[in-house]
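Structure first, then comments.
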Amino acid sequence: MKAQQGISAVAALIGVIVIGAVAIVLWYAMSPGPMAFVTAPRVKLSEYAGAPTGVPADLPGRDDPLVRGRYLTQAADCEACHTTPGGKPFAGGRAFATPFGTLYSPNITSDPETGIGHWTDAQFIKAVHKGVRPDGARLYPAFPYASYTYLTDDDVLAIKQYLASLPAVRQNAPANDLAFPFDQRWLMALWSAFFNPDQRFRATPAHSPEWNRGAYLVEGLGHCGECHTPRNLLQALDNRQKFAGAVADGWRAYNITPDKSTGVGAWSDVDLASYLAAGHAKERGAAAGPMREAVEFGLRHLTPSDIGAMVTYLRSVPPLSSSNLPSRLAGPAPAAYDGGNAAHVDARGRMIFESACVSCHAWTGEGTATSYATLTGSRAVNDPSGRNVVQVILSGVPPLRGQPDVFMPSFGHAYTDAEIAAVANYVTARFGAEASTLSANQVARLRNGG
Ligand code: HEC
Ligand code: HEC
Ligand code: HEC
């Protein structure tokens with residue numbers, strides 16, 4: 001009798017575990033797509049009168065296939081990931097730190113041996129839509145093919161044609177350094193079955209042509225969700241929290257939903273357009289780190305009509321609020337050096353700010369030589385984690401090509417971890433709504449890749 005009870009208890013326990021595991025798998029597998037929030041019917045592009053794909057009507061020289069290809073390559077930001085800092089464009093070798101180890105982007109120049117010079121059109125399309133290489137090997141989703149899968153074949157081939165027109169570079173990427181079982185590429189076939197919709201973009205006739213163009217740019221080419229949407233345990237985007245903010249490459253990619261207090265709902269259209277196209281918006285801070293790269297290699301090359309379309313689309317996603325961000329941004333700090341919220345924090349932070357930062361940022365936080373250096377209103381300084389402030393201090397903000405005067409030097413080598421923690425805590429206390437409480441150890445972790 002006792003033994004029987006024991007067996008049925010074990011059986012019940014196993015049953016509960018199995019049901020729990022199945023429920024978790026289903027929960028992930030049924031994770032909604034990036035456009036699941038759209039309730040109006042969607043149709044194939046062939047059944048849609050507008051033209052949300054390709055290049056915009058007002059792009060100068062749009063009949064030239066290479067102009068087309070360059071524009072799409074920029075909108076998709078291929079260069080940022082396939083180029084090392086200071087390296088040859090598209091020659092690969094950039095490191096991507098993941099929770100499972102490091103992988104490197106391959107060379108996608110037209111070199112036949114170390115690049116993709118011998119790939120056929122069909123092979124290239126298969127890699128971009130499905131994450132499958134010509135030899136059948138699966139690619140890791142650090143290559144955002146689950147977003148690029150929305151691109152039309154024409155657009156993918158225009159990108160291929162443009163890449164083929166550039167100088168071939170002979171260079172092999174370093175070998176990946178991934179722990180078992182993550183070094184097993186075939187596992188990505190399972191991942192793709194669950195998380196790559198492998199579906200081309202569908203239009204929503206109930207929305208404006210501008211909205212549809214914005215959706216194609218944001219979800220497909222621009223792959224904004226790859227940084228701004230949190231991931232689940234299996235590294236797939238959790239679109240239940242679409243655009244609600246996430247950590248990307250050790251930086252915090254903030255909430256870009258239309259939530260008024262912790263997202264970009266209070267930003268004007270002009271603010272949003274200017275941030276995307278120029279990397280700055282008045283009293284909204286600067287685009288640094290990975291967002292800087294998205295602007296440098298991609299967004300700043302887009303036409304105003306395309307930037308406007310992205311803004312229209314971003315406005316339409318469901319607002320979500322971030323509980324870990326203050327609901328109000330701080331106003332300008334007082335002009336006196338010892339006034340304001342920061343009076344009580346670590347005096348070392350104030351001393352470093354005085355010697356290294358005040359010349360450009362002033363005690364008020366209003367940029368001195370350029371309004372671009374204005375800290376007032378920046379999300380980074382109003383983020384009590386202090387993460388992006390530390391990152392900006394460590395790496396600086398490089399100038400955009402063509403704007404050599406506006407940049408911030410890097411202080412990573414000038415100060416110790418403890419000093420950087422002190423000045424970051426001072427900056428968030430003085431200019432933000434809530435002070436960060438970073439330790440030297442936390443700075444050390446960010447210095448070593450997050
Ligand atoms: C967010 C970073 C990122 C972006 C953006 C990106 N890639 Fe990649 N790409 C990678 C990484 C990382 C790999 C390697 C994945 C692996 O090893 O499994 C890769 C792999 C590839 C491959 C496979 C090459 C080979 O030899 O196996 C091709 C082709 C490719 N990317 C083309 C593109 C194109 C075209 C674009 C723009 C439309 C692009 N990539 C944008 C990160 C990126
Ligand atoms: C490679 C990662 C990455 C990609 C891709 C990316 N972002 Fe960002 N984004 C970031 C990071 C990191 C920040 C924070 C930058 C900072 O603090 O200086 C940011 C900041 C922003 C902000 C400012 C938010 C605020 O409250 O200050 C907006 C708006 C934005 N991104 C929109 C977009 C859009 C639209 C796209 C797609 C076209 C996009 N981002 C693609 C990483 C990314
Ligand atoms: C030579 C002038 C200069 C110095 C010195 C300088 N900065 Fe900056 N800083 C800038 C500029 C310019 C920007 C905006 C960059 C851009 O958008 O091109 C900026 C941006 C920032 C941002 C990012 C704001 C955002 O919205 O993401 C922070 C935080 C910051 N600086 C903190 C500091 C700290 C702390 C120091 C001292 C350790 C410092 N800066 C020293 C010029 C400077």
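Note on naming: chains are A, B, ... as they come in the structure tokens, residues start from 1 per chain, ligands start from 1 in the order shown.
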Write out, as a tab-separated table, each residue of chain A that has an atom at most 6 Å from ligand 2, together with the closest pair of atoms and their distance in Å to one decimal, counting only C-alpha atoms and all ligand atoms, rows going by chain and rising number.
residue	atom	partner	partner_atom_place_in_ligand_line	distance
A:Val218	CA	ligand 2	38 (C)	5.2
A:Gly222	CA	ligand 2	38 (C)	4.2
A:His223	CA	ligand 2	37 (C)	5.7
A:Cys224	CA	ligand 2	37 (C)	3.4
A:Glu226	CA	ligand 2	5 (C)	6.0
A:Cys227	CA	ligand 2	2 (C)	4.4
A:Ala248	CA	ligand 2	2 (C)	5.9
A:Trp251	CA	ligand 2	12 (C)	4.8
A:Arg252	CA	ligand 2	12 (C)	4.9
A:Ala253	CA	ligand 2	11 (C)	3.5
A:Tyr254	CA	ligand 2	24 (C)	5.0
A:Ile256	CA	ligand 2	29 (C)	5.6
A:Val264	CA	ligand 2	26 (O)	5.9
A:Leu272	CA	ligand 2	29 (C)	5.9
A:Ala286	CA	ligand 2	18 (O)	5.3
A:Ala287	CA	ligand 2	18 (O)	3.9
A:Ala288	CA	ligand 2	18 (O)	3.7
A:Gly289	CA	ligand 2	12 (C)	5.9
A:Pro290	CA	ligand 2	1 (C)	4.5
A:Met291	CA	ligand 2	10 (C)	4.1
A:Ala294	CA	ligand 2	4 (C)	5.9
A:Arg379	CA	ligand 2	27 (O)	4.7
A:Ala380	CA	ligand 2	17 (O)	4.8
A:Asn388	CA	ligand 2	17 (O)	5.4
12 Å contact set for range 444-448 of chain A, only C-alpha atoms, chain neighbours under 5 positions out, as a PyMOL selection string
chain A and resi 97+247-252+385-395+411-413+415-421+438-439
For range 397-399 of chain A, list every protein, DNA or RNA residue within 8 Å, evaluated using only C-alpha atoms, and leave out those in the same chain fewer than 6 positions away; present the list as an MDAnalysis selection string.
chainID A and resid 288:289 292 405:410
Could you write out the selected residues, including N, CA and C atoms, as a short mmCIF file (atom, residue, chain, number, x, y, z; two decimals), in the first residue's frame?
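Saved to selection30.cif:
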data_model
loop_
_atom_site.label_atom_id
_atom_site.label_comp_id
_atom_site.auth_asym_id
_atom_site.auth_seq_id
_atom_site.Cartn_x
_atom_site.Cartn_y
_atom_site.Cartn_z
N ALA A 288 24.63 57.15 -28.21
CA ALA A 288 26.01 56.68 -28.02
C ALA A 288 26.04 55.16 -28.18
N GLY A 289 27.23 54.59 -28.17
CA GLY A 289 27.39 53.13 -28.20
C GLY A 289 26.77 52.50 -29.43
N ARG A 292 24.80 54.71 -31.60
CA ARG A 292 25.64 55.58 -32.41
C ARG A 292 25.97 54.89 -33.74
N ASP A 405 33.80 67.82 -35.29
CA ASP A 405 33.95 68.65 -34.08
C ASP A 405 33.15 68.15 -32.90
N VAL A 406 32.11 67.37 -33.14
CA VAL A 406 31.26 66.96 -32.03
C VAL A 406 31.58 65.53 -31.62
N PHE A 407 32.27 65.39 -30.52
CA PHE A 407 32.55 64.05 -30.02
C PHE A 407 32.93 64.15 -28.56
N MET A 408 32.97 63.04 -27.90
CA MET A 408 33.45 63.01 -26.51
C MET A 408 34.62 62.04 -26.44
N PRO A 409 35.73 62.49 -25.84
CA PRO A 409 36.87 61.58 -25.74
C PRO A 409 36.55 60.42 -24.80
N SER A 410 37.33 59.32 -24.90
CA SER A 410 37.10 58.20 -24.00
C SER A 410 37.98 58.39 -22.76
#
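Taking only C-alpha atoms and all ligand atoms into account, ligand 1 has within 6 Å the residues Thr73, Ala76, Asp77, Cys78, Cys81, Tyr104, Ser105, Pro106, Ile108, Phe124, Ala127, Arg133, Leu139, Tyr140, Ala142, Phe143 and Pro144 of chain A.
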Using DSSP on the backbone, list every residue of range 146-212 of chain A that comes out as helix (DSSP H, G or I), and give them as a ChimeraX atom specification.
/A:146-148,153-164,187-195,209-212
Which value, in Å to one decimal, gives the distance between CA of His82 in chain A and CA of Met188 in chain A?
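The value is 20.5 Å.
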Just list the residues in range 256-297 of chain A DSSP gives strand (DSSP E) on the backbone, as a list in words.
His280, Ala281, Gly285 and Ala286 of chain A
